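Source file: input_17.txt; contents: compact mmCIF, C-alpha atoms.
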# COMPACT_ATOMS: atom_id res chain seq x y z
CA MET A 6 -25.38 -7.48 -32.00
CA LYS A 7 -23.24 -10.15 -30.36
CA THR A 8 -20.14 -7.99 -30.82
CA LYS A 9 -21.87 -5.04 -29.17
CA LEU A 10 -22.86 -7.16 -26.17
CA ILE A 11 -19.30 -8.41 -25.74
CA PHE A 12 -17.98 -4.84 -25.96
CA LEU A 13 -20.54 -3.67 -23.39
CA PHE A 14 -19.56 -6.45 -20.97
CA VAL A 15 -15.85 -5.67 -21.33
CA ALA A 16 -16.52 -1.95 -20.80
CA MET A 17 -18.53 -2.65 -17.63
CA ALA A 18 -15.82 -4.93 -16.22
CA PHE A 19 -13.14 -2.34 -17.04
CA SER A 20 -15.21 0.39 -15.39
CA LEU A 21 -15.60 -1.67 -12.18
CA SER A 22 -11.86 -2.33 -12.10
CA LEU A 23 -11.10 1.39 -12.39
CA THR A 24 -13.65 2.22 -9.71
CA CYS A 25 -12.05 -0.19 -7.24
CA PHE A 26 -8.42 0.12 -8.21
CA GLY A 27 -7.25 3.23 -9.92
CA GLN A 28 -9.53 6.20 -10.45
CA ASP A 29 -11.25 7.03 -7.16
CA CYS A 30 -8.12 7.99 -5.24
CA ASP A 31 -9.66 10.45 -2.80
CA LYS A 32 -8.10 10.17 0.64
CA LEU A 33 -10.19 8.16 3.08
CA LEU A 34 -9.09 9.88 6.27
CA ASN A 35 -9.18 13.56 7.22
CA ARG A 36 -6.67 14.15 9.98
CA GLN A 37 -8.01 17.59 10.88
CA THR A 38 -11.68 16.60 11.31
CA ASN A 39 -11.13 13.01 12.53
CA ALA A 40 -13.50 11.80 9.81
CA VAL A 41 -13.05 8.57 7.88
CA ASN A 42 -14.76 7.35 4.71
CA THR A 43 -15.78 3.88 5.88
CA LYS A 44 -17.65 3.13 2.68
CA GLY A 45 -14.50 3.77 0.65
CA ILE A 46 -12.45 1.44 2.85
CA VAL A 47 -15.09 -1.31 2.64
CA LEU A 48 -15.15 -0.92 -1.15
CA LYS A 49 -11.39 -1.38 -1.38
CA ALA A 50 -11.47 -4.36 1.01
CA LEU A 51 -14.39 -6.20 -0.61
CA GLY A 52 -14.10 -4.91 -4.16
CA ARG A 53 -17.79 -3.98 -4.36
CA LEU A 54 -20.13 -1.23 -3.30
CA VAL A 55 -22.08 -1.77 -0.09
CA ASP A 56 -25.30 -0.04 0.94
CA GLY A 57 -25.92 1.24 4.44
CA VAL A 58 -22.27 1.66 5.47
CA ALA A 59 -22.35 4.07 8.39
CA GLY A 60 -19.76 6.48 9.73
CA THR A 61 -17.11 6.08 12.38
CA ASN A 62 -15.59 8.12 15.16
CA PHE A 63 -12.15 8.48 16.68
CA SER A 64 -13.13 8.98 20.30
CA LYS A 65 -11.34 5.83 21.50
CA LEU A 66 -8.36 5.85 19.18
CA SER A 67 -4.95 6.40 20.71
CA SER A 68 -2.48 8.71 18.99
CA THR A 69 -0.58 5.63 17.77
CA ALA A 70 -3.72 4.15 16.21
CA SER A 71 -4.52 7.49 14.56
CA ASP A 72 -1.02 7.62 13.09
CA GLN A 73 -1.41 4.06 11.82
CA LEU A 74 -4.66 4.98 10.08
CA GLN A 75 -3.04 8.09 8.61
CA MET A 76 -0.19 6.04 7.18
CA PHE A 77 -2.55 3.35 5.88
CA ASP A 78 -4.57 6.08 4.19
CA ALA A 79 -1.48 7.57 2.57
CA MET A 80 -0.38 4.12 1.38
CA LEU A 81 -3.80 3.40 -0.14
CA TYR A 82 -3.89 6.79 -1.84
CA ASN A 83 -0.44 6.46 -3.39
CA THR A 84 -0.95 2.82 -4.38
CA CYS A 85 -4.13 3.93 -6.15
CA LEU A 86 -2.22 6.62 -8.04
CA GLN A 87 0.50 4.15 -9.04
CA LEU A 88 -2.07 1.64 -10.32
CA GLN A 89 -2.98 4.13 -13.03
CA THR A 90 0.49 3.78 -14.54
CA VAL A 91 1.26 0.08 -13.94
CA LYS A 92 1.82 -1.77 -17.22
CA SER A 93 2.50 -5.42 -16.37
CA ASP A 94 -0.28 -7.73 -15.14
CA GLY A 95 1.96 -9.19 -12.43
CA ALA A 96 2.74 -5.83 -10.84
CA ARG A 97 -0.93 -4.76 -11.11
CA GLU A 98 -2.21 -7.90 -9.38
CA ASN A 99 0.39 -7.47 -6.66
CA MET A 100 -0.60 -3.85 -5.97
CA GLU A 101 -4.32 -4.62 -6.10
CA GLU A 102 -3.82 -7.35 -3.48
CA LYS A 103 -1.89 -4.92 -1.29
CA THR A 104 -4.72 -2.43 -1.62
CA ARG A 105 -7.18 -5.00 -0.28
CA ASN A 106 -4.87 -6.07 2.53
CA ILE A 107 -4.16 -2.53 3.72
CA ALA A 108 -7.89 -1.69 3.66
CA ILE A 109 -8.58 -4.80 5.74
CA GLU A 110 -5.94 -3.73 8.26
CA MET A 111 -7.63 -0.30 8.49
CA LEU A 112 -10.99 -1.94 9.18
CA LYS A 113 -9.49 -4.20 11.84
CA LEU A 114 -7.95 -1.18 13.54
CA LEU A 115 -11.30 0.63 13.50
CA ARG A 116 -13.00 -2.50 14.81
CA GLN A 117 -10.62 -2.74 17.75
CA SER A 118 -11.49 0.83 18.69
CA ASP A 119 -15.28 0.15 18.56
CA SER A 120 -15.56 2.75 15.82
CA LEU A 121 -17.59 0.60 13.41
CA THR A 122 -21.36 0.42 13.61
CA PRO A 123 -23.05 -3.01 14.04
CA ASP A 124 -24.22 -3.23 10.42
CA VAL A 125 -20.66 -2.73 9.17
CA VAL A 126 -19.29 -5.24 11.68
CA ASN A 127 -21.84 -7.85 10.57
CA LEU A 128 -21.06 -7.21 6.92
CA LEU A 129 -17.31 -7.59 7.43
CA ALA A 130 -17.77 -10.71 9.58
CA GLU A 131 -19.95 -12.30 6.89
CA ASN A 132 -17.19 -11.72 4.34
CA GLY A 133 -14.43 -13.04 6.61
CA VAL A 134 -12.68 -9.68 6.94
CA ILE A 135 -12.96 -9.61 10.75
CA THR A 136 -13.75 -12.21 13.38
CA PRO A 137 -17.28 -12.02 14.82
CA SER A 138 -17.38 -10.98 18.46
CA ALA A 139 -19.71 -11.85 21.29
CA PRO A 140 -23.25 -10.36 21.23
CA GLY A 141 -23.51 -6.90 22.75
CA SER A 142 -19.88 -6.00 22.12
CA ASP A 143 -20.51 -4.25 18.83
CA THR A 144 -22.12 -1.12 20.27
CA PRO A 145 -20.23 1.83 18.81
CA ALA A 146 -18.77 4.52 21.00
CA PRO A 147 -20.52 7.91 20.94
CA VAL A 148 -19.44 10.17 18.12
CA ASN A 149 -17.23 13.06 19.11
CA SER A 150 -18.66 15.71 16.80
CA GLN A 151 -16.22 18.41 17.93
CA PRO A 152 -12.71 16.98 18.14
CA ALA A 153 -10.08 19.03 19.87
CA PRO A 154 -8.15 21.25 17.47
CA VAL A 155 -4.74 19.99 16.45
CA THR A 156 -1.86 22.41 16.83
CA PRO A 157 0.60 21.76 13.98
CA PRO A 158 4.20 21.18 15.01
CA ALA A 159 6.94 23.54 13.94
CA SER A 160 8.39 21.14 11.37
CA ALA A 161 8.24 17.54 10.20
CA ASP A 162 11.17 16.64 12.44
CA ASP A 163 8.91 17.28 15.45
CA VAL A 164 6.40 14.69 14.22
CA PRO A 165 6.84 11.22 15.75
CA PRO A 166 7.24 8.53 13.08
CA PRO A 167 4.23 6.25 12.51
CA VAL A 168 4.26 2.86 14.21
CA LEU A 169 3.02 0.28 11.72
CA PRO A 170 1.54 -2.94 13.13
CA THR A 171 3.31 -6.23 12.51
CA PRO A 172 1.59 -8.10 9.65
CA PRO A 173 0.24 -11.52 10.64
CA SER A 174 2.54 -14.43 9.90
CA GLN A 175 -0.29 -16.24 8.15
CA PRO A 176 -3.87 -15.42 7.12
CA SER A 177 -6.51 -15.84 9.82
CA GLY A 178 -8.93 -18.73 9.37
CA GLY A 179 -8.19 -22.06 7.71
CA SER A 180 -4.91 -23.94 7.86
CA PHE A 181 -1.93 -22.67 5.89
CA GLU A 182 1.52 -24.18 5.74
CA SER A 183 4.60 -22.08 5.10
CA ARG A 184 6.38 -22.65 1.80
CA THR A 185 9.67 -21.09 0.72
CA LEU A 186 9.87 -20.25 -2.97
CA PRO A 187 13.13 -19.90 -4.87
CA CYS A 188 14.69 -16.47 -4.29
CA GLN A 189 12.03 -15.70 -1.67
CA GLN A 190 14.66 -15.14 1.00
CA TYR A 191 15.67 -12.03 -0.97
CA ALA A 192 12.15 -10.58 -1.21
CA THR A 193 12.04 -8.81 2.17
CA THR A 194 13.91 -5.85 3.60
CA LYS A 195 12.98 -6.74 7.18
CA ALA A 196 16.47 -7.88 8.15
CA ASN A 197 18.31 -5.36 5.99
CA ASP A 198 18.33 -1.60 6.55
CA VAL A 199 20.37 -0.62 3.50
CA VAL A 200 18.54 -2.01 0.44
CA PHE A 201 15.14 -2.22 -1.24
CA ARG A 202 14.34 -5.61 -2.78
CA ALA A 203 11.75 -7.20 -5.05
CA MET A 204 11.13 -10.72 -6.32
CA MET A 205 8.98 -11.90 -9.24
CA PHE A 206 8.64 -15.05 -11.33
CA GLU A 207 7.33 -15.94 -14.80
CA THR A 208 6.56 -19.18 -16.65
CA HIS A 209 7.30 -19.83 -20.34
CA ARG A 210 8.46 -22.55 -22.69
CA ASP A 211 11.63 -20.55 -23.33
CA PRO A 212 13.61 -20.01 -20.09
CA GLN A 213 15.20 -16.82 -21.44
CA ILE A 214 11.80 -15.29 -22.21
CA ALA A 215 10.61 -16.28 -18.73
CA ASN A 216 13.69 -14.57 -17.29
CA THR A 217 13.18 -11.38 -19.34
CA ILE A 218 9.52 -11.02 -18.34
CA ALA A 219 10.26 -11.76 -14.67
CA TYR A 220 13.09 -9.20 -14.63
CA THR A 221 11.00 -6.50 -16.33
CA THR A 222 8.06 -7.07 -13.98
CA ALA A 223 10.34 -7.06 -10.93
CA ILE A 224 11.84 -3.71 -12.00
CA GLU A 225 8.38 -2.19 -12.38
CA LYS A 226 7.22 -3.65 -9.08
CA LEU A 227 10.30 -2.31 -7.28
CA ALA A 228 9.83 1.15 -8.80
CA LYS A 229 6.15 1.37 -7.87
CA SER A 230 6.71 0.06 -4.34
CA VAL A 231 9.52 2.56 -3.73
CA GLU A 232 7.36 5.40 -5.06
CA VAL A 233 4.48 4.41 -2.78
CA ALA A 234 6.83 4.24 0.22
CA ILE A 235 8.33 7.67 -0.49
CA ASN A 236 5.06 9.40 -1.34
CA SER A 237 3.24 7.89 1.64
CA SER A 238 5.97 8.97 4.03
CA ILE A 239 5.98 12.52 2.64
CA ASP A 240 2.16 12.65 2.75
CA PHE A 241 2.18 11.56 6.39
CA TYR A 242 4.61 14.27 7.51
CA ALA A 243 3.03 16.90 5.26
CA SER A 244 -0.40 16.21 6.74
CA ALA A 245 1.02 16.47 10.25
CA VAL A 246 2.27 20.00 9.58
CA ASN A 247 -0.77 20.98 7.50
CA GLU A 248 1.06 21.17 4.18
CA ASP A 249 -0.34 19.78 0.93
CA SER A 250 1.98 17.32 -0.78
CA ALA A 251 -0.61 15.60 -3.01
CA ASP A 252 0.54 17.49 -6.10
CA LYS A 253 0.61 15.58 -9.39
CA GLU A 254 3.73 17.40 -10.56
CA LEU A 255 5.46 16.42 -7.32
CA LYS A 256 4.46 12.76 -7.76
CA LEU A 257 5.72 12.85 -11.33
CA LYS A 258 8.99 14.40 -10.21
CA ILE A 259 9.51 11.70 -7.58
CA GLY A 260 8.65 8.98 -10.11
CA THR A 261 11.16 10.38 -12.60
CA ILE A 262 13.94 10.43 -9.99
CA VAL A 263 13.13 6.87 -8.88
CA ASP A 264 13.12 5.58 -12.47
CA ARG A 265 16.47 7.24 -13.11
CA THR A 266 18.12 5.92 -9.95
CA LEU A 267 16.81 2.36 -10.47
CA ARG A 268 19.36 1.97 -13.22
CA GLY A 269 21.71 0.91 -10.43
CA VAL A 270 19.62 -2.15 -9.56
CA ARG A 271 21.40 -5.47 -9.02
CA ILE A 272 20.26 -9.04 -9.67
CA VAL A 273 20.88 -10.94 -6.43
CA CYS A 274 19.13 -14.19 -7.31
CA GLU A 275 18.09 -16.12 -10.42
CA GLU A 276 16.62 -19.59 -10.16
CA TYR A 277 14.87 -21.85 -12.67
CA LEU A 278 12.40 -24.69 -12.29
CA GLU A 279 11.47 -27.00 -15.18
CA ASN A 280 8.18 -28.87 -15.51
CA THR A 281 9.32 -31.98 -17.37
CA ALA A 282 5.73 -32.97 -18.18
CA THR A 283 4.82 -29.70 -19.93
CA GLN A 284 8.39 -28.67 -20.85
CA ARG A 285 7.76 -25.21 -19.41
CA TRP A 286 10.24 -23.18 -17.36
CA ARG A 287 9.57 -20.98 -14.36
CA CYS A 288 12.18 -18.32 -13.66
CA PHE A 289 12.48 -16.50 -10.32
CA VAL A 290 14.35 -13.18 -10.20
CA ALA A 291 15.22 -11.10 -7.12
CA LEU A 292 16.54 -7.54 -7.42
CA GLU A 293 17.94 -5.04 -4.95
CA ILE A 294 19.15 -1.46 -4.87
CA ASP A 295 20.76 0.63 -2.14
CA LYS A 296 18.25 2.80 -0.26
CA ASP A 297 20.60 5.78 -0.29
CA ALA A 298 20.89 5.58 -4.09
CA VAL A 299 17.12 6.07 -4.41
CA LEU A 300 16.10 8.15 -1.41
CA LYS A 301 18.95 10.68 -1.19
CA PRO A 302 18.33 12.21 -4.66
CA VAL A 303 14.60 12.47 -3.90
CA HIS A 304 15.18 14.10 -0.50
CA ASP A 305 17.77 16.55 -1.88
CA ALA A 306 15.48 17.56 -4.75
CA LEU A 307 12.45 18.08 -2.53
CA LYS A 308 14.43 20.05 0.05
CA GLN A 309 14.88 22.74 -2.61
CA ASP A 310 11.10 23.17 -2.78
CA GLY A 311 10.25 25.94 -0.32
CA GLN A 312 6.59 24.93 -0.01
CA LEU A 313 7.47 21.43 1.16
CA GLY A 314 10.54 22.32 3.21
CA ARG A 315 8.63 22.07 6.51
CA ALA A 316 6.95 18.85 5.41
CA LEU A 317 10.24 17.00 5.01
CA PRO A 318 11.99 15.53 8.04
CA SER A 319 15.70 14.88 8.18
CA TYR A 320 17.03 12.45 5.60
CA GLU A 321 17.68 9.69 8.15
CA LYS A 322 14.13 10.00 9.51
CA LEU A 323 12.59 9.88 6.03
CA LYS A 324 14.82 6.93 5.15
CA LYS A 325 13.63 4.94 8.17
CA THR A 326 9.96 5.77 7.65
CA ALA A 327 10.05 4.95 3.93
CA GLY A 328 11.92 1.73 4.70
CA ASP A 329 9.33 0.70 7.29
CA VAL A 330 6.48 1.46 4.88
CA PHE A 331 8.17 -0.45 2.05
CA THR A 332 8.77 -3.50 4.25
CA PHE A 333 5.22 -3.46 5.61
CA ASP A 334 3.80 -3.00 2.11
CA GLU A 335 5.79 -5.95 0.77
CA GLN A 336 4.78 -8.20 3.66
CA MET A 337 1.12 -7.29 3.17
CA GLY A 338 1.35 -8.26 -0.51
CA PHE A 339 2.32 -11.90 -0.02
Any chance you could put this one into structure tokens?
Amino acid sequence: MKTKLIFLFVAMAFSLSLTCFGQDCDKLLNRQTNAVNTKGIVLKALGRLVDGVAGTNFSKLSSTASDQLQMFDAMLYNTCLQLQTVKSDGARENMEEKTRNIAIEMLKLLRQSDSLTPDVVNLLAENGVITPSAPGSDTPAPVNSQPAPVTPPASADDVPPPVLPTPPSQPSGGSFESRTLPCQQYATTKANDVVFRAMMFETHRDPQIANTIAYTTAIEKLAKSVEVAINSSIDFYASAVNEDSADKELKLKIGTIVDRTLRGVRIVCEEYLENTATQRWRCFVALEIDKDAVLKPVHDALKQDGQLGRALPSYEKLKKTAGDVFTFDEQMGF
């Protein structure tokens, strides 16, 4: 009986984890109808179901804000798909945290546009997701039930690239002090337009085992982050020209190309810390790979697909958008 209860508890916990981070990957935003699944965003931000979550409207959103939401939605969708294949606990925790952070950014953007109803605003304020505002300022704008039809552009090159907001330098609320970890200076692509980078660390009594686990996890993290950046960029442009790029075979094809090209990854930093009291080692590993080595094969392969030809911008445009998404995604995860 005791064994059955333990199994039931584990099954319930596993089911909740899949519900929040891996199985329900439906897109939250419909670009054509200007509809957004607020309940789904709240679920991803808070990690739990919420009753009474009302709808939103886009009547006060600028085109830039709409593009930001579209890119956030694509990032959430592709991160969700990648979570189904993540093997290491470190990479999974990192991607789950990014999922929460991106969902929170979406809710903040909707809040700024007065698109959230008072009950949702109160719920998010109670959970520290947004800052409470003065009384009377939470009245939602009237819903535009018949948005103007969107005329698709001729090709993806006619679509302006999304403008992602700058992530906050530190979390809002409380007092946080900046700390620089070993190899951390290599973990961002913000100041470098030619490489993708990733940094991970692991602790073990054997420094070589710590190094091996950190390296393996960093490789997986880099692969998944690059896949999310590429898929999200393609989804954004495909949606803008009314083409469907959310094909599982396409995602698998991109993942295969990324895995193959990541063989050219370089170790740019290895540092060790020893805890003399516990005699345990912590190894930090930072990796990098040239953007062209990863993105060019993907772009060339997809250009041969007639169905997605219009959904792909020029290589340089895709490279910049994917780089911006990767950088933003990494900054949101730390």
(request) Within 9 Å of Lys324 (chain A), counting all atoms listed in the file, which residues show up once you throw out same-chain ones fewer than 6 positions away? Write them as a PyMOL selection string, please. (result) chain A and resi 235+296-297+300-301
(message) Excluding Pro165 (chain A) and its own-chain neighbours fewer than 4 positions away, which residues fall within 10 Å of it when counting all atoms listed in the file? Please give them as an NGL selection string.
(response) :A and (69 or 72 or 161 or 242 or 245 or 322)
For those residues, write C-alpha atoms to a file as a PDB file, in the frame of the given file.
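Ended up saving to part-v8.pdb:
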ATOM      1  CA  THR A  69      -0.580   5.630  17.770  1.00  0.00           C
ATOM      2  CA  ASP A  72      -1.020   7.620  13.090  1.00  0.00           C
ATOM      3  CA  ALA A 161       8.240  17.540  10.200  1.00  0.00           C
ATOM      4  CA  TYR A 242       4.610  14.270   7.510  1.00  0.00           C
ATOM      5  CA  ALA A 245       1.020  16.470  10.250  1.00  0.00           C
ATOM      6  CA  LYS A 322      14.130  10.000   9.510  1.00  0.00           C
TER       7      LYS A 322
END
(request) Mind listing whatever residues come within 12 Å of the point (13.5, -18.1, -1.2)? Use only C-alpha atoms, file coordinates, and give them as a list of chain:residue names. (result)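 Those within range, by chain then number, are A:Ser183, A:Arg184, A:Thr185, A:Leu186, A:Pro187, A:Cys188, A:Gln189, A:Gln190, A:Tyr191, A:Ala192, A:Thr193, A:Ala203, A:Met204, A:Met205, A:Phe206, A:Val273, A:Cys274, A:Glu275, A:Glu276, A:Phe289, A:Val290, A:Ala291.
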(request) Go through A:Leu88, A:Leu114, A:Ala316, A:Ala40 one by one, measure the shortest atom-to-atom distance of each to Ser238 (chain A) using only C-alpha atoms, and give the residue with the smallest value. (result)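 Smallest separation from Ser238 (chain A) among the options: A:Ala316.
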Please build the interface table for region 284-329 of chain A against region 248-269 of chain A with a cut-off of 12 Å, listing for each qualifying residue the nearest atom pair and the distance in Å to one decimal; count all atoms listed in the file, order rows by chain and increasing number, and write it as a Markdown table.
| residue | atom | partner | partner_atom | distance |
| --- | --- | --- | --- | --- |
| A:Leu292 | CA | A:Gly269 | CA | 10.4 |
| A:Glu293 | CA | A:Gly269 | CA | 8.9 |
| A:Ile294 | CA | A:Gly269 | CA | 6.6 |
| A:Asp295 | CA | A:Gly269 | CA | 8.3 |
| A:Lys296 | CA | A:Thr266 | CA | 10.2 |
| A:Asp297 | CA | A:Thr266 | CA | 10.0 |
| A:Ala298 | CA | A:Thr266 | CA | 6.5 |
| A:Val299 | CA | A:Thr266 | CA | 5.6 |
| A:Leu300 | CA | A:Val263 | CA | 8.1 |
| A:Lys301 | CA | A:Thr266 | CA | 10.0 |
| A:Pro302 | CA | A:Ile262 | CA | 7.1 |
| A:Val303 | CA | A:Ile259 | CA | 6.3 |
| A:His304 | CA | A:Ile259 | CA | 9.4 |
| A:Asp305 | CA | A:Ile262 | CA | 10.9 |
| A:Ala306 | CA | A:Ile259 | CA | 8.8 |
| A:Leu307 | CA | A:Leu255 | CA | 8.6 |
| A:Asp310 | CA | A:Leu255 | CA | 9.9 |
| A:Gly311 | CA | A:Glu248 | CA | 11.3 |
| A:Gln312 | CA | A:Glu248 | CA | 7.9 |
| A:Leu313 | CA | A:Glu248 | CA | 7.1 |
| A:Gly314 | CA | A:Glu248 | CA | 9.6 |
| A:Arg315 | CA | A:Glu248 | CA | 8.0 |
| A:Ala316 | CA | A:Glu248 | CA | 6.4 |
| A:Leu317 | CA | A:Ser250 | CA | 10.1 |
(message) Using all atoms listed in the file for the distances, tell me which of A:Ser67, A:Ile109, A:Val231, A:Val270 is nearest to Thr136 (chain A).
(response)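 For Thr136 (chain A), the nearest of the given residues is A:Ile109.
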(message) Just to confirm, what's the straight-line distance from CA of Leu51 (chain A) to CA of Lys103 (chain A) in Å (one decimal)?
(response)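 Interatomic distance here is 12.6 Å.
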(request) Quick one: residues within 12 Å of (15.0, -14.5, -19.9) (file frame), counting all atoms listed in the file, please, as a VMD selection string. (result) chain A and resid 206 to 222 275 to 277 286 to 290
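Reported to one decimal place, the separation of CA of Cys85 (chain A) from CA of Glu101 (chain A) is 8.6 Å.
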(request) Using only C-alpha atoms, pick whichever of A:Lys113, A:Lys32, A:Lys325, A:Lys229 has the shortest atom-to-atom distance to Gln89 (chain A). (result) A:Lys229
(message) Could you tell me how far CA of Val246 (chain A) sits from CA of Ser160 (chain A), in Å to one decimal place?
(response)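 The value is 6.5 Å.
Considering all atoms listed in the file, the residue among A:Lys226, A:Lys308, A:Arg53, A:Arg36 positioned nearest to Asp94 (chain A) is A:Lys226.
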(request) Choose the residue, out of A:Pro166, A:Pro318, A:Gly95, A:Pro137, that has the smallest atom-to-atom separation from Glu225 (chain A); count only C-alpha atoms. (result)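 Nearest to Glu225 (chain A): A:Gly95.
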(request) Pick out the residues sitting within 10 Å of Met80 (chain A), and hand them over as JSON, numbers by chain; count all atoms listed in the file, and ignore anything fewer than 5 positions along from it in its own chain. (result) {"A": [32, 74, 75, 85, 86, 103, 104, 107, 108, 230, 233, 234, 235, 236, 237, 238, 240, 241, 330, 331, 334]}
(request) Could you tell me which of A:Ala327, A:Val164, A:Met100, A:Val41 comes closest to Phe201 (chain A) if we count only C-alpha atoms? (result)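 Residue with the minimum atom-to-atom distance to Phe201 (chain A): A:Ala327.
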When you write region 233-253 of chain A out from the block above, keep C-alpha atoms and present the result as a PDB file, in the first residue's frame, please.
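Wrote part38.pdb, looks like this:
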ATOM      1  CA  VAL A 233      15.154  27.735 -29.799  1.00  0.00           C
ATOM      2  CA  ALA A 234      16.734  30.861 -31.313  1.00  0.00           C
ATOM      3  CA  ILE A 235      16.566  29.478 -34.865  1.00  0.00           C
ATOM      4  CA  ASN A 236      13.077  27.999 -34.584  1.00  0.00           C
ATOM      5  CA  SER A 237      11.667  31.106 -32.899  1.00  0.00           C
ATOM      6  CA  SER A 238      13.107  33.373 -35.575  1.00  0.00           C
ATOM      7  CA  ILE A 239      11.717  31.198 -38.372  1.00  0.00           C
ATOM      8  CA  ASP A 240       8.319  30.989 -36.625  1.00  0.00           C
ATOM      9  CA  PHE A 241       8.200  34.777 -36.317  1.00  0.00           C
ATOM     10  CA  TYR A 242       8.848  35.405 -40.017  1.00  0.00           C
ATOM     11  CA  ALA A 243       6.649  32.488 -41.107  1.00  0.00           C
ATOM     12  CA  SER A 244       3.735  33.828 -39.074  1.00  0.00           C
ATOM     13  CA  ALA A 245       4.224  37.280 -40.594  1.00  0.00           C
ATOM     14  CA  VAL A 246       3.788  35.891 -44.111  1.00  0.00           C
ATOM     15  CA  ASN A 247       1.063  33.422 -43.101  1.00  0.00           C
ATOM     16  CA  GLU A 248       3.155  30.295 -43.599  1.00  0.00           C
ATOM     17  CA  ASP A 249       3.166  27.363 -41.170  1.00  0.00           C
ATOM     18  CA  SER A 250       6.632  26.461 -39.927  1.00  0.00           C
ATOM     19  CA  ALA A 251       5.587  24.507 -36.802  1.00  0.00           C
ATOM     20  CA  ASP A 252       6.255  21.162 -38.461  1.00  0.00           C
ATOM     21  CA  LYS A 253       7.783  18.421 -36.310  1.00  0.00           C
TER      22      LYS A 253
END
